[in-house]
file structure_32.tsv (TSV, C-alpha atoms)
chain	number	residue	atom	x	y	z
A	1486	MET	CA	31.50	33.85	-0.22
A	1487	THR	CA	33.78	35.45	2.31
A	1488	LYS	CA	32.18	36.52	5.53
A	1489	THR	CA	32.08	40.27	5.85
A	1490	LEU	CA	31.98	42.72	8.73
A	1491	ASP	CA	29.83	45.77	9.27
A	1492	PHE	CA	30.53	48.69	11.55
A	1493	LYS	CA	28.08	51.36	12.50
A	1494	PHE	CA	28.70	54.61	14.37
A	1495	GLU	CA	26.50	57.44	15.53
A	1496	ARG	CA	27.23	60.98	16.59
A	1497	THR	CA	25.05	63.94	17.45
A	1498	ILE	CA	26.55	67.13	16.11
A	1499	LEU	CA	25.63	70.67	17.01
A	1500	ALA	CA	24.97	72.08	13.53
A	1501	SER	CA	22.47	71.69	10.71
A	1502	PRO	CA	22.58	68.63	8.41
A	1503	GLY	CA	23.76	70.85	5.54
A	1504	GLU	CA	26.68	72.23	7.55
A	1505	VAL	CA	27.68	68.77	8.76
A	1506	PHE	CA	27.41	67.31	5.26
A	1507	ASP	CA	29.60	70.04	3.78
A	1508	ALA	CA	32.14	69.71	6.58
A	1509	TRP	CA	32.42	65.93	6.01
A	1510	MET	CA	33.49	66.63	2.43
A	1511	ASN	CA	35.80	69.49	3.37
A	1512	PRO	CA	39.51	68.48	3.44
A	1513	GLU	CA	40.26	71.24	5.93
A	1514	VAL	CA	37.98	69.89	8.65
A	1515	PRO	CA	39.63	67.74	11.35
A	1516	GLY	CA	38.29	64.21	11.59
A	1517	THR	CA	37.50	63.86	7.91
A	1518	THR	CA	39.46	61.18	6.11
A	1519	TRP	CA	40.79	63.71	3.60
A	1520	GLN	CA	42.20	65.92	6.32
A	1521	LYS	CA	44.19	62.99	7.73
A	1522	ALA	CA	45.73	62.27	4.33
A	1523	GLU	CA	49.31	63.01	3.40
A	1524	LYS	CA	48.14	63.22	-0.20
A	1525	PHE	CA	44.65	63.20	-1.62
A	1526	LYS	CA	42.40	63.69	-4.65
A	1527	LEU	CA	38.71	64.32	-4.26
A	1528	ASP	CA	36.03	64.67	-6.90
A	1529	VAL	CA	32.71	64.89	-5.09
A	1530	LYS	CA	30.08	63.84	-7.64
A	1531	VAL	CA	28.32	60.57	-8.46
A	1532	ASP	CA	30.92	58.33	-10.14
A	1533	GLY	CA	33.60	60.81	-9.07
A	1534	LEU	CA	36.75	59.21	-7.66
A	1535	TYR	CA	38.75	59.88	-4.55
A	1536	TYR	CA	42.19	58.81	-3.43
A	1537	TRP	CA	44.08	59.34	-0.24
A	1538	HIS	CA	47.38	58.20	1.14
A	1539	ILE	CA	48.41	57.80	4.77
A	1540	ASN	CA	51.19	55.86	6.56
A	1541	GLY	CA	52.19	54.03	3.40
A	1542	LYS	CA	48.62	52.96	2.64
A	1543	SER	CA	46.51	54.08	-0.30
A	1544	ILE	CA	42.73	54.14	-0.18
A	1545	TYR	CA	40.59	54.57	-3.27
A	1546	GLY	CA	36.91	54.85	-3.93
A	1547	ARG	CA	34.03	56.07	-5.99
A	1548	PHE	CA	31.05	58.16	-4.94
A	1549	THR	CA	27.86	56.20	-5.55
A	1550	GLU	CA	25.22	58.44	-3.95
A	1551	ILE	CA	25.25	62.10	-3.12
A	1552	GLU	CA	22.06	63.54	-1.72
A	1553	ARG	CA	22.93	66.74	0.05
A	1554	PRO	CA	22.21	67.24	2.94
A	1555	SER	CA	20.90	63.84	3.99
A	1556	ARG	CA	23.10	61.10	2.60
A	1557	ILE	CA	26.38	60.26	0.94
A	1558	GLN	CA	27.73	56.87	-0.06
A	1559	TYR	CA	31.09	55.84	-1.45
A	1560	THR	CA	33.07	52.71	-2.03
A	1561	TRP	CA	36.27	52.06	-0.12
A	1562	VAL	CA	39.14	49.98	-1.44
A	1563	SER	CA	42.24	49.58	0.75
A	1564	PRO	CA	44.92	46.93	1.34
A	1565	ASN	CA	42.61	45.58	4.06
A	1566	THR	CA	39.72	44.95	1.66
A	1567	LEU	CA	41.87	42.72	-0.60
A	1568	GLY	CA	40.99	44.79	-3.64
A	1569	LEU	CA	37.25	44.43	-3.04
A	1570	GLU	CA	34.95	47.42	-2.74
A	1571	SER	CA	33.57	47.92	0.75
A	1572	THR	CA	30.91	50.58	1.25
A	1573	VAL	CA	30.77	53.67	3.45
A	1574	THR	CA	27.33	55.20	3.93
A	1575	VAL	CA	26.94	58.42	5.89
A	1576	THR	CA	23.54	59.86	6.75
A	1577	PHE	CA	22.61	63.18	8.31
A	1578	SER	CA	19.21	63.81	9.83
A	1579	LYS	CA	17.83	66.76	11.70
A	1580	LYS	CA	17.44	66.25	15.43
A	1581	GLY	CA	16.22	69.45	17.05
A	1582	GLU	CA	19.00	71.98	16.56
A	1583	SER	CA	21.52	69.24	15.95
A	1584	THR	CA	22.22	66.60	13.38
A	1585	LEU	CA	22.22	62.88	13.98
A	1586	MET	CA	25.06	61.53	11.90
A	1587	THR	CA	25.44	57.81	11.23
A	1588	LEU	CA	28.35	56.19	9.49
A	1589	GLN	CA	28.18	52.61	8.34
A	1590	HIS	CA	31.17	50.82	6.89
A	1591	SER	CA	30.00	47.52	5.45
A	1592	GLY	CA	31.35	44.65	3.41
A	1593	LEU	CA	34.79	44.50	5.01
A	1594	PRO	CA	36.28	41.02	4.52
A	1595	ASP	CA	36.45	39.16	7.81
A	1596	HIS	CA	40.02	37.95	7.35
A	1597	GLU	CA	41.00	41.42	8.44
A	1598	LEU	CA	39.61	40.70	11.85
A	1599	ALA	CA	42.47	38.36	12.50
A	1600	MET	CA	44.90	40.94	11.19
A	1601	GLY	CA	43.46	43.78	13.18
A	1602	HIS	CA	43.30	41.72	16.33
A	1603	GLU	CA	46.85	41.66	17.48
A	1604	LYS	CA	47.44	45.26	16.54
A	1605	GLY	CA	44.14	46.10	18.18
A	1606	TRP	CA	45.01	44.67	21.54
A	1607	THR	CA	48.43	46.28	21.75
A	1608	HIS	CA	47.00	49.57	20.67
A	1609	PHE	CA	44.21	49.16	23.18
A	1610	LEU	CA	46.67	48.56	25.99
A	1611	ASP	CA	48.54	51.68	24.98
A	1612	ILE	CA	45.55	53.96	24.88
A	1613	PHE	CA	43.46	52.49	27.66
A	1614	PRO	CA	45.00	54.45	30.56
A	1615	ASN	CA	44.84	57.68	28.57
A	1616	GLN	CA	41.23	57.10	27.65
A	1617	PHE	CA	40.28	56.63	31.25
A	1618	GLY	CA	42.21	59.70	32.31
A	1619	MET	CA	40.41	61.63	29.64
A	1620	ARG	CA	36.92	60.42	30.53
A	1621	LYS	CA	37.38	61.27	34.18
A	1622	SER	CA	38.22	64.85	33.38
A	1623	PHE	CA	34.88	65.38	31.64
B	7	MET	CA	25.94	49.40	31.73
B	8	ASP	CA	26.00	48.63	28.03
B	9	GLN	CA	26.49	45.12	26.74
B	10	LEU	CA	30.11	45.63	25.75
B	11	SER	CA	30.95	46.72	29.31
B	12	ASP	CA	29.09	43.70	30.66
B	13	ILE	CA	31.08	41.42	28.39
B	14	LEU	CA	34.41	43.00	29.32
B	15	THR	CA	33.54	42.73	33.02
B	16	ALA	CA	32.52	39.12	32.51
B	17	ILE	CA	35.78	38.09	30.88
B	18	SER	CA	37.99	40.11	33.21
B	19	HIS	CA	38.10	37.42	35.92
B	20	PRO	CA	40.23	34.26	35.57
B	21	SER	CA	37.55	32.04	37.18
B	22	ARG	CA	34.97	33.24	34.69
B	23	ARG	CA	37.33	32.64	31.80
B	24	ALA	CA	37.94	29.15	33.19
B	25	ILE	CA	34.16	28.58	33.24
B	26	LEU	CA	33.87	29.72	29.63
B	27	GLY	CA	36.79	27.51	28.70
B	28	GLN	CA	35.13	24.53	30.29
B	29	LEU	CA	31.74	25.23	28.73
B	30	ALA	CA	33.36	25.62	25.32
B	31	ARG	CA	33.88	21.85	25.44
B	32	GLY	CA	30.15	21.29	25.93
B	33	PRO	CA	27.16	22.13	28.15
B	34	ALA	CA	27.49	21.24	31.84
B	35	ARG	CA	25.47	21.18	35.06
B	36	PHE	CA	26.09	23.68	37.86
B	37	LEU	CA	28.07	21.24	39.99
B	38	ASP	CA	30.21	20.20	37.02
B	39	VAL	CA	31.05	23.84	36.46
B	40	ALA	CA	31.85	24.42	40.12
B	41	GLU	CA	33.93	21.28	40.65
B	42	PRO	CA	37.23	22.21	38.96
B	43	LEU	CA	37.16	25.71	40.49
B	44	ASP	CA	38.72	26.31	43.86
B	45	VAL	CA	35.99	28.68	45.06
B	46	SER	CA	32.77	28.50	47.07
B	47	LEU	CA	29.48	27.58	45.42
B	48	ASN	CA	28.28	31.04	46.29
B	49	ALA	CA	31.10	32.56	44.30
B	50	VAL	CA	30.35	30.26	41.36
B	51	THR	CA	26.74	31.47	41.39
B	52	LYS	CA	27.95	35.06	41.27
B	53	HIS	CA	30.33	34.33	38.40
B	54	LEU	CA	27.55	32.63	36.46
B	55	LYS	CA	25.25	35.57	37.01
B	56	LEU	CA	27.79	37.97	35.52
B	57	LEU	CA	28.35	35.67	32.56
B	58	GLU	CA	24.62	35.39	32.04
B	59	ARG	CA	24.14	39.15	32.21
B	60	ALA	CA	26.73	39.54	29.45
B	61	GLY	CA	24.85	37.01	27.34
B	62	LEU	CA	27.82	34.66	27.36
B	63	ILE	CA	26.01	31.67	28.83
B	64	SER	CA	22.47	30.36	28.77
B	65	ARG	CA	20.63	27.93	31.02
B	66	GLU	CA	18.21	25.35	29.76
B	67	LYS	CA	16.06	22.90	31.66
B	68	HIS	CA	16.42	19.27	30.66
B	69	GLY	CA	13.95	17.36	32.80
B	70	ARG	CA	15.10	17.94	36.34
B	71	GLU	CA	18.48	19.23	35.37
B	72	VAL	CA	19.60	22.67	34.30
B	73	MET	CA	22.27	22.62	31.64
B	74	ILE	CA	24.54	25.61	31.22
B	75	SER	CA	26.01	26.29	27.82
B	76	VAL	CA	28.28	28.90	26.31
B	77	ARG	CA	27.18	31.50	23.78
B	78	ALA	CA	30.28	32.88	22.13
B	79	GLN	CA	28.54	35.29	19.78
B	80	PRO	CA	28.75	38.35	22.10
B	81	LEU	CA	32.55	37.99	22.05
B	82	GLN	CA	32.34	39.19	18.47
B	83	MET	CA	31.51	42.58	19.96
B	84	VAL	CA	34.85	42.63	21.75
B	85	ALA	CA	36.64	41.61	18.58
B	86	ASN	CA	34.85	44.35	16.64
B	87	TRP	CA	35.62	46.85	19.32
B	88	VAL	CA	39.36	46.40	19.00
B	89	HIS	CA	39.17	46.20	15.23
B	90	GLU	CA	41.24	48.70	13.28
B	91	TYR	CA	38.24	50.21	11.56
B	92	GLU	CA	36.31	50.57	14.77
B	93	ARG	CA	39.12	52.68	16.18
B	94	PHE	CA	39.75	54.52	12.97
B	95	TRP	CA	36.17	55.70	12.57
B	96	ASN	CA	35.66	56.42	16.26
B	97	GLU	CA	38.78	58.58	16.38
B	98	SER	CA	37.79	60.35	13.16
B	99	LEU	CA	34.23	61.01	14.28
B	100	ASP	CA	35.36	62.19	17.72
B	101	GLN	CA	37.62	64.76	16.08
B	102	PHE	CA	34.88	65.75	13.69
B	103	GLU	CA	32.42	66.22	16.54
B	104	GLN	CA	35.01	68.20	18.51
B	105	TYR	CA	35.54	70.51	15.55
B	106	PHE	CA	31.90	71.58	15.74
B	107	LYS	CA	32.01	71.96	19.51
B	108	ASP	CA	35.05	74.24	19.24
B	109	LYS	CA	33.37	76.20	16.48
B	110	LYS	CA	30.30	76.77	18.65
B	111	LYS	CA	32.44	77.95	21.55
B	112	LYS	CA	34.25	80.46	19.34
B	113	GLU	CA	30.94	81.76	18.02
B	114	LYS	CA	29.68	82.33	21.54
B	115	LYS	CA	32.79	84.28	22.48
B	116	ARG	CA	32.27	86.71	19.61
call {"tool": "encode", "arguments": {"input": "structure_32.tsv", "output": "structure tokens"}}
result
Amino acid sequence: MTKTLDFKFERTILASPGEVFDAWMNPEVPGTTWQKAEKFKLDVKVDGLYYWHINGKSIYGRFTEIERPSRIQYTWVSPNTLGLESTVTVTFSKKGESTLMTLQHSGLPDHELAMGHEKGWTHFLDIFPNQFGMRKSF
Amino acid sequence: MDQLSDILTAISHPSRRAILGQLARGPARFLDVAEPLDVSLNAVTKHLKLLERAGLISREKHGREVMISVRAQPLQMVANWVHEYERFWNESLDQFEQYFKDKKKKEKKR
């Protein structure tokens, strides 16, 4: 079996889990994958399909779990996954007046690491000075 | 500092990368590590401390000798960090988070 990679991210967002959940599925909200798309289809229901297109790349998937407001899971097929389904799981839990949001992208084939590497470093060198400038201003 | 920062600090110095390169060929004693480097023993100790803090080397006692060996696994964190998906999701989530912050600000102004 091919080795796979997992990525996990966490954010605390100033809104209720329900609001954050709805925003994540709303194509008009910045930061959502759908909003970035040049073209997209979205059918939010279990076994519903989505499609989005950006920079010459198409990404497809299928919703596997929808439990508003706490959890949503969908598969993710892109040129980088070699036609295999990777999985995106997003959870939303109440944390005081905010929501703790976690996003896990798992089952990404490891070959991509090599591919992403070179691009990653150049990109990193490009953005690094900006990032630092940005952080300082906070 | 977090572990990723420790790792990046550790690999940012040519002497420390030379140490890792040497240890990649097999475990070595302190003096073996120091020998090819053109720096004081004191400096070598400092370099080793930084590498150890980042989890990139480990020391093990073998009788009277301490063997230093490399642990490459933490470097995976660096690789993951520069990975396309790592950036993609971080940028997306930052924007998403910002959207809510801006929304809150607007609400307060009203």
call {"tool": "interface_residues", "arguments": {"input": "structure_32.tsv", "of": "chain B", "to": "chain A", "cutoff": "8 Å", "atoms": "all atoms listed in the file", "output": "list in words"}}
result
Ala85, Asn86, Val88, His89, Glu90, Tyr91, Glu92, Trp95, Asn96, Glu97, Ser98, Leu99, Asp100, Gln101, Phe102, Glu103, Tyr105, Phe106, Lys107 and Lys110 of chain B
call {"tool": "axis_aligned_box", "arguments": {"input": "structure_32.tsv", "around": "stretch 1556-1570 of chain A", "padding_each_side": "6 Å", "output": "AutoDock Vina command-line options"}}
result
--center_x 34.0 --center_y 51.9 --center_z 0.2 --size_x 33.8 --size_y 30.4 --size_z 19.7
call {"tool": "atom_distance", "arguments": {"input": "structure_32.tsv", "atom1": "atom CA of B:Ala34", "atom2": "atom CA of B:Arg70"}}
result
13.6 Å
call {"tool": "residues_around", "arguments": {"input": "structure_32.tsv", "residues": "stretch 15-18 of chain B", "least_positions_apart": "4", "cutoff": "9 Å", "atoms": "only C-alpha atoms", "output": "list of chain:residue names"}}
result
B:Leu10, B:Ser11, B:Arg22, B:Arg23, B:Leu26, B:His53, B:Leu56, B:Leu57, B:Glu58, B:Arg59, B:Ala60, B:Leu62
call {"tool": "residues_around", "arguments": {"input": "structure_32.tsv", "residues": "A:Leu1534", "least_positions_apart": "5", "cutoff": "9 Å", "atoms": "all atoms listed in the file", "output": "compact mmCIF listing (two decimals) with C-alpha atoms, keeping the file's coordinate frame"}}
result
# COMPACT_ATOMS: atom_id res chain seq x y z
CA LYS A 1526 42.40 63.69 -4.65
CA LEU A 1527 38.71 64.32 -4.26
CA ASP A 1528 36.03 64.67 -6.90
CA VAL A 1529 32.71 64.89 -5.09
CA TYR A 1545 40.59 54.57 -3.27
CA GLY A 1546 36.91 54.85 -3.93
CA ARG A 1547 34.03 56.07 -5.99
CA PHE A 1548 31.05 58.16 -4.94
call {"tool": "atom_distance", "arguments": {"input": "structure_32.tsv", "atom1": "atom CA of A:Asn1511", "atom2": "atom CA of A:Gly1581"}}
result
23.9 Å
call {"tool": "atom_distance", "arguments": {"input": "structure_32.tsv", "atom1": "atom CA of A:Lys1524", "atom2": "atom CA of A:Ile1539"}}
result
7.4 Å
call {"tool": "residues_around", "arguments": {"input": "structure_32.tsv", "residues": "stretch 48-51 of chain B", "least_positions_apart": "5", "cutoff": "10 Å", "atoms": "only C-alpha atoms", "output": "ChimeraX atom specification"}}
result
/B:21-22,25,36-37,39-41,43,56-57
call {"tool": "closest_residue", "arguments": {"input": "structure_32.tsv", "among": "B:Leu47, B:Arg116, B:Gly69, B:Ser75", "to": "B:Ala30", "atoms": "only C-alpha atoms"}}
result
B:Ser75
call {"tool": "residues_around", "arguments": {"input": "structure_32.tsv", "residues": "B:Gln79", "least_positions_apart": "2", "cutoff": "12 Å", "atoms": "all atoms listed in the file", "output": "list in words"}}
result
Ile13, Ala60, Gly61, Leu62, Ile63, Ser64, Val76, Arg77, Leu81, Gln82, Met83, Val84, Ala85 and Asn86 of chain B
